[in-house]
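Participant: See input-v2.tsv below, with TSV, C-alpha atoms and all ligand atoms.
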chain	number	residue	atom	x	y	z
A	91	MET	CA	35.42	171.59	165.66
A	92	ARG	CA	37.20	172.58	168.82
A	93	LYS	CA	36.01	175.73	170.55
A	94	ILE	CA	39.41	177.37	170.28
A	95	GLU	CA	39.39	176.91	166.50
A	96	ALA	CA	35.85	178.26	166.16
A	97	LEU	CA	36.74	181.29	168.27
A	98	SER	CA	39.81	182.02	166.19
A	99	ILE	CA	37.73	181.90	162.94
A	100	LEU	CA	35.06	184.13	164.51
A	101	LYS	CA	37.63	186.69	165.69
A	102	ASN	CA	38.97	186.79	162.16
A	103	ILE	CA	35.66	187.20	160.31
A	104	ILE	CA	34.07	189.69	162.71
A	105	LYS	CA	36.02	192.40	160.92
A	106	ASN	CA	33.62	191.82	158.00
A	107	ALA	CA	30.57	192.69	160.11
A	108	TYR	CA	28.81	195.70	158.60
A	109	ALA	CA	27.44	197.58	161.60
A	110	PRO	CA	27.89	201.34	160.94
A	111	TYR	CA	24.63	202.21	162.76
A	112	SER	CA	24.84	200.18	165.96
A	113	ASN	CA	28.61	199.61	166.09
A	114	PHE	CA	27.62	196.23	167.56
A	115	LYS	CA	29.52	193.57	165.64
A	116	VAL	CA	28.61	189.88	165.79
A	117	ALA	CA	30.06	186.79	164.08
A	118	ALA	CA	28.59	183.29	163.80
A	119	LEU	CA	29.68	179.88	162.55
A	120	VAL	CA	27.34	176.95	161.82
A	121	GLU	CA	28.88	173.47	161.81
A	122	GLY	CA	27.45	170.24	160.35
A	123	LYS	CA	27.94	166.57	161.29
A	124	ASP	CA	31.20	166.02	159.43
A	125	GLY	CA	32.99	169.25	160.27
A	126	GLU	CA	31.59	171.21	157.30
A	127	TYR	CA	30.82	174.78	158.26
A	128	ALA	CA	29.71	178.20	157.08
A	129	CYS	CA	30.16	181.64	158.63
A	130	GLY	CA	28.21	184.86	158.85
A	131	VAL	CA	28.32	188.36	160.29
A	132	ASN	CA	25.64	190.95	160.88
A	133	VAL	CA	24.86	193.17	157.90
A	134	GLU	CA	23.00	196.39	158.69
A	135	ASN	CA	21.04	198.67	156.41
A	136	ALA	CA	20.17	202.39	156.37
A	137	SER	CA	16.59	201.16	156.52
A	138	TYR	CA	17.31	199.67	159.95
A	139	GLY	CA	14.65	196.97	159.89
A	140	LEU	CA	16.31	195.28	156.93
A	141	THR	CA	19.38	194.42	159.02
A	142	VAL	CA	20.24	190.72	159.13
A	143	CYS	CA	21.92	189.17	162.18
A	144	ALA	CA	25.11	187.10	162.07
A	145	GLU	CA	23.25	183.90	163.02
A	146	ARG	CA	20.91	184.12	160.07
A	147	THR	CA	23.64	184.95	157.54
A	148	ALA	CA	25.66	181.98	158.84
A	149	MET	CA	22.71	179.57	158.68
A	150	PHE	CA	21.65	180.80	155.24
A	151	ASN	CA	25.24	180.40	154.00
A	152	PHE	CA	25.34	176.86	155.42
A	153	ILE	CA	22.13	175.93	153.60
A	154	ALA	CA	23.08	177.80	150.41
A	155	ASN	CA	26.36	175.85	150.30
A	156	GLY	CA	24.29	172.67	150.07
A	157	TYR	CA	25.10	171.46	153.58
A	158	LYS	CA	22.48	169.59	155.62
A	159	ASN	CA	21.89	168.84	159.30
A	160	PRO	CA	23.50	171.72	161.18
A	161	GLN	CA	24.64	170.56	164.62
A	162	LYS	CA	26.28	173.54	166.28
A	163	LEU	CA	26.23	177.30	166.20
A	164	PHE	CA	29.22	179.22	167.55
A	165	LEU	CA	28.49	182.84	168.28
A	166	TYR	CA	30.87	185.68	169.17
A	167	ALA	CA	30.38	189.30	170.17
A	168	PRO	CA	33.26	191.14	171.88
A	169	THR	CA	31.14	192.24	174.85
A	170	ASP	CA	31.17	191.44	178.58
A	171	ASP	CA	27.76	189.75	178.18
A	172	PHE	CA	27.14	186.49	176.38
A	173	THR	CA	25.12	187.92	173.46
A	174	PRO	CA	22.18	185.54	172.84
A	175	PRO	CA	20.48	184.99	169.47
A	176	CYS	CA	17.48	187.29	169.00
A	177	GLY	CA	13.97	185.84	168.78
A	178	ALA	CA	13.82	186.05	164.98
A	179	CYS	CA	17.10	184.13	164.68
A	180	ARG	CA	15.92	181.45	167.13
A	181	GLN	CA	12.93	180.81	164.89
A	182	VAL	CA	15.05	180.69	161.71
A	183	LEU	CA	17.60	178.37	163.34
A	184	SER	CA	14.85	176.02	164.57
A	185	GLU	CA	13.76	175.42	160.97
A	186	PHE	CA	16.89	173.34	160.46
A	187	ASN	CA	17.54	171.79	163.88
A	188	ASP	CA	15.35	172.26	166.93
A	189	ASN	CA	18.12	170.77	169.08
A	190	LEU	CA	20.95	172.89	167.76
A	191	GLU	CA	23.75	173.31	170.27
A	192	ILE	CA	24.70	176.96	170.72
A	193	VAL	CA	28.10	178.00	172.07
A	194	ILE	CA	28.33	181.70	172.88
A	195	PHE	CA	31.71	183.39	173.39
A	196	ASN	CA	31.97	186.77	175.06
A	197	GLY	CA	34.79	189.28	174.66
A	198	ASN	CA	36.84	187.70	177.46
A	199	ASP	CA	37.30	184.32	175.71
A	200	GLU	CA	34.69	182.76	178.03
A	201	PHE	CA	31.83	180.64	176.72
A	202	LYS	CA	28.38	179.35	177.67
A	203	THR	CA	26.53	176.49	175.99
A	204	TYR	CA	22.79	176.30	175.34
A	205	LYS	CA	20.31	174.09	173.53
A	206	LEU	CA	18.09	175.89	171.02
A	207	SER	CA	15.09	173.94	172.34
A	208	ASP	CA	15.66	175.60	175.76
A	209	LEU	CA	15.93	179.06	174.21
A	210	LEU	CA	12.86	178.54	172.01
A	211	PRO	CA	10.52	175.95	173.54
A	212	ASN	CA	7.40	174.94	171.64
A	213	SER	CA	8.52	176.51	168.37
A	214	PHE	CA	6.25	176.81	165.37
A	215	ASN	CA	7.57	174.42	162.72
A	216	LYS	CA	6.75	172.34	159.64
A	217	GLU	CA	4.90	169.73	161.72
A	218	ASN	CA	2.34	172.37	162.71
A	219	LEU	CA	1.71	173.02	159.03
A	220	GLU	CA	1.61	169.35	158.05
A	221	ARG	CA	-0.67	168.22	160.88
A	222	ASN	CA	-3.19	170.90	160.01
A	223	LYS	CA	-3.22	170.66	156.24
A	224	LYS	CA	-6.67	170.93	154.69
B	1	LIG	N1	22.77	191.16	166.22
B	1	LIG	C1	23.24	189.97	165.74
B	1	LIG	O1	23.84	189.92	164.65
B	1	LIG	N2	23.05	188.86	166.49
B	1	LIG	C2	22.52	188.85	167.75
B	1	LIG	O2	22.46	187.81	168.36
B	1	LIG	C3	22.02	190.11	168.33
B	1	LIG	C4	22.01	191.28	167.43
B	1	LIG	C5	23.06	192.38	165.44
B	1	LIG	C6	21.91	193.01	164.73
B	1	LIG	C7	22.36	194.45	164.65
B	1	LIG	O3	23.21	194.60	163.52
B	1	LIG	C8	23.21	194.66	165.89
B	1	LIG	O4	23.56	193.36	166.33
B	1	LIG	C9	22.50	195.42	167.00
B	1	LIG	O5	21.25	194.89	167.24
Could you render the structure as structure tokens?
Ligand code: THU

Facilitator:
Amino acid sequence: MRKIEALSILKNIIKNAYAPYSNFKVAALVEGKDGEYACGVNVENASYGLTVCAERTAMFNFIANGYKNPQKLFLYAPTDDFTPPCGACRQVLSEFNDNLEIVIFNGNDEFKTYKLSDLLPNSFNKENLERNKK
């Protein structure tokens, strides 16, 4: 999908972010090979540690919808910075595609593009488990 379309979807769904504690709203969209996609926002909890980030809700929605092979993650937070995925999200994303392309929009309609493998080199994954099975 074109970046402008992804950004317009993200700007629309970010209103669903549930962030009463941090007031820091984030929206994410995961896209597959044939244009199929799923969205997510951050969902906080009064027990703060149970909060789930937008990236994980988007990826879990993508998988739960039965889609395979995620190719791209579009991420949006209306801040001056380009808000990067947290470490926990990098690990969860890498489960499904180590080479995921990540496009981050800031609040000024600017973007930066990353590869997940650059953000999380040498990730722990299923091969580590399989190679060391007893
Ligand atoms: N958050 C995300 O949803 N994604 C990120 O990439 C960074 C952080 C959320 C978690 C929490 O609800 C709020 O932003 C502040 O940490």

Participant: Please determine, counting only C-alpha atoms and all ligand atoms, which residue among A:Lys123, A:Lys101, A:Arg92, A:Arg180 has the shortest atom-to-atom distance to ligand LIG 1 (chain B).

Facilitator: A:Arg180

Participant: Pick out the closest residue to ligand LIG 1 (chain B) from this set: A:Ala128, A:Val120, A:Leu100, A:Ile194. Count all atoms listed in the file.

Facilitator: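 Under the stated criterion, the closest residue is A:Ile194.
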
Participant: Give one line per residue of chain A that approaches ligand LIG 1 (chain B) to at most 8 Å, naming the two atoms of the closest pair and their distance in Å to one decimal, counting only C-alpha atoms and all ligand atoms; sort by chain then ascending residue number and deliver it as JSON lines.

Facilitator:
{"residue": "A:Tyr108", "atom": "CA", "partner": "B:LIG1", "partner_atom": "O3", "distance": 7.5}
{"residue": "A:Ala109", "atom": "CA", "partner": "B:LIG1", "partner_atom": "O3", "distance": 5.5}
{"residue": "A:Tyr111", "atom": "CA", "partner": "B:LIG1", "partner_atom": "O3", "distance": 7.8}
{"residue": "A:Ser112", "atom": "CA", "partner": "B:LIG1", "partner_atom": "C9", "distance": 5.4}
{"residue": "A:Asn113", "atom": "CA", "partner": "B:LIG1", "partner_atom": "C8", "distance": 7.3}
{"residue": "A:Phe114", "atom": "CA", "partner": "B:LIG1", "partner_atom": "C8", "distance": 5.0}
{"residue": "A:Lys115", "atom": "CA", "partner": "B:LIG1", "partner_atom": "O4", "distance": 6.0}
{"residue": "A:Val116", "atom": "CA", "partner": "B:LIG1", "partner_atom": "O1", "distance": 4.9}
{"residue": "A:Ala117", "atom": "CA", "partner": "B:LIG1", "partner_atom": "O1", "distance": 7.0}
{"residue": "A:Val131", "atom": "CA", "partner": "B:LIG1", "partner_atom": "O1", "distance": 6.4}
{"residue": "A:Asn132", "atom": "CA", "partner": "B:LIG1", "partner_atom": "O1", "distance": 4.3}
{"residue": "A:Val133", "atom": "CA", "partner": "B:LIG1", "partner_atom": "O3", "distance": 6.0}
{"residue": "A:Glu134", "atom": "CA", "partner": "B:LIG1", "partner_atom": "O3", "distance": 5.2}
{"residue": "A:Thr141", "atom": "CA", "partner": "B:LIG1", "partner_atom": "O3", "distance": 5.9}
{"residue": "A:Val142", "atom": "CA", "partner": "B:LIG1", "partner_atom": "C6", "distance": 6.3}
{"residue": "A:Cys143", "atom": "CA", "partner": "B:LIG1", "partner_atom": "O1", "distance": 3.2}
{"residue": "A:Ala144", "atom": "CA", "partner": "B:LIG1", "partner_atom": "O1", "distance": 4.0}
{"residue": "A:Glu145", "atom": "CA", "partner": "B:LIG1", "partner_atom": "N2", "distance": 6.1}
{"residue": "A:Arg146", "atom": "CA", "partner": "B:LIG1", "partner_atom": "O1", "distance": 7.9}
{"residue": "A:Leu165", "atom": "CA", "partner": "B:LIG1", "partner_atom": "O2", "distance": 7.8}
{"residue": "A:Thr173", "atom": "CA", "partner": "B:LIG1", "partner_atom": "O2", "distance": 5.8}
{"residue": "A:Pro174", "atom": "CA", "partner": "B:LIG1", "partner_atom": "O2", "distance": 5.0}
{"residue": "A:Pro175", "atom": "CA", "partner": "B:LIG1", "partner_atom": "O2", "distance": 3.6}
{"residue": "A:Cys176", "atom": "CA", "partner": "B:LIG1", "partner_atom": "O2", "distance": 5.0}
{"residue": "A:Cys179", "atom": "CA", "partner": "B:LIG1", "partner_atom": "O2", "distance": 7.5}

Participant: For the point (21.7, 177.2, 153.3) in file coordinates, what residues are within 12 Å, counting all atoms listed in the file? Give the answer as a ChimeraX atom specification?

Facilitator: /A:120-122,127-130,145-160,182-183,185-186

Participant: When you look at Gly197 in chain A with a cut-off of 7 Å (counting all atoms listed in the file), what residues show up, excluding the ones that are within fewer than 6 positions of it in the same chain? I need them as a list in words.

Facilitator: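 Residues meeting the cut-off are Ala167, Pro168, Thr169 and Asp170 of chain A.
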
Participant: Compute the distance from (9.7, 174.7, 172.3) to each atom, counting only C-alpha atoms, keep the residues with any atom at most 12 Å away, and return them as a tab-separated table (two decimals) with C-alpha atoms, in the frame of the given file; use the coordinates of the file.

Facilitator:
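Output below, filename point32.tsv:
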chain	number	residue	atom	x	y	z
A	180	ARG	CA	15.92	181.45	167.13
A	181	GLN	CA	12.93	180.81	164.89
A	184	SER	CA	14.85	176.02	164.57
A	187	ASN	CA	17.54	171.79	163.88
A	188	ASP	CA	15.35	172.26	166.93
A	189	ASN	CA	18.12	170.77	169.08
A	205	LYS	CA	20.31	174.09	173.53
A	206	LEU	CA	18.09	175.89	171.02
A	207	SER	CA	15.09	173.94	172.34
A	208	ASP	CA	15.66	175.60	175.76
A	209	LEU	CA	15.93	179.06	174.21
A	210	LEU	CA	12.86	178.54	172.01
A	211	PRO	CA	10.52	175.95	173.54
A	212	ASN	CA	7.40	174.94	171.64
A	213	SER	CA	8.52	176.51	168.37
A	214	PHE	CA	6.25	176.81	165.37
A	215	ASN	CA	7.57	174.42	162.72

Participant: As AutoDock Vina command-line options, please: the centre and edge lengths in Å, to one decimal, of an axis-aligned box enclosing every listed atom of range 160-171 of chain A with 5 Å added on each side.

Facilitator:
--center_x 28.4 --center_y 181.4 --center_z 169.9 --size_x 19.8 --size_y 31.7 --size_z 27.4

Participant: What does the structure give for the distance between CA of Glu191 in chain A and CA of Tyr204 in chain A, in Å to one decimal?

Facilitator: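 Distance between the two atoms: 6.0 Å.
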
Participant: Identify which of the residues A:Asn106, A:Thr203, A:Ser137, A:Asn222 lies closest to Leu190 in chain A, counting only C-alpha atoms when measuring atom-to-atom distances.

Facilitator: A:Thr203

Participant: Would you list the contacts of Lys202 in chain A as a list in words, taking every protein, DNA or RNA residue within 8 Å and counting only C-alpha atoms, but skipping same-chain residues closer than 6 positions in sequence?

Facilitator: Phe172, Val193, Ile194 and Phe195 of chain A
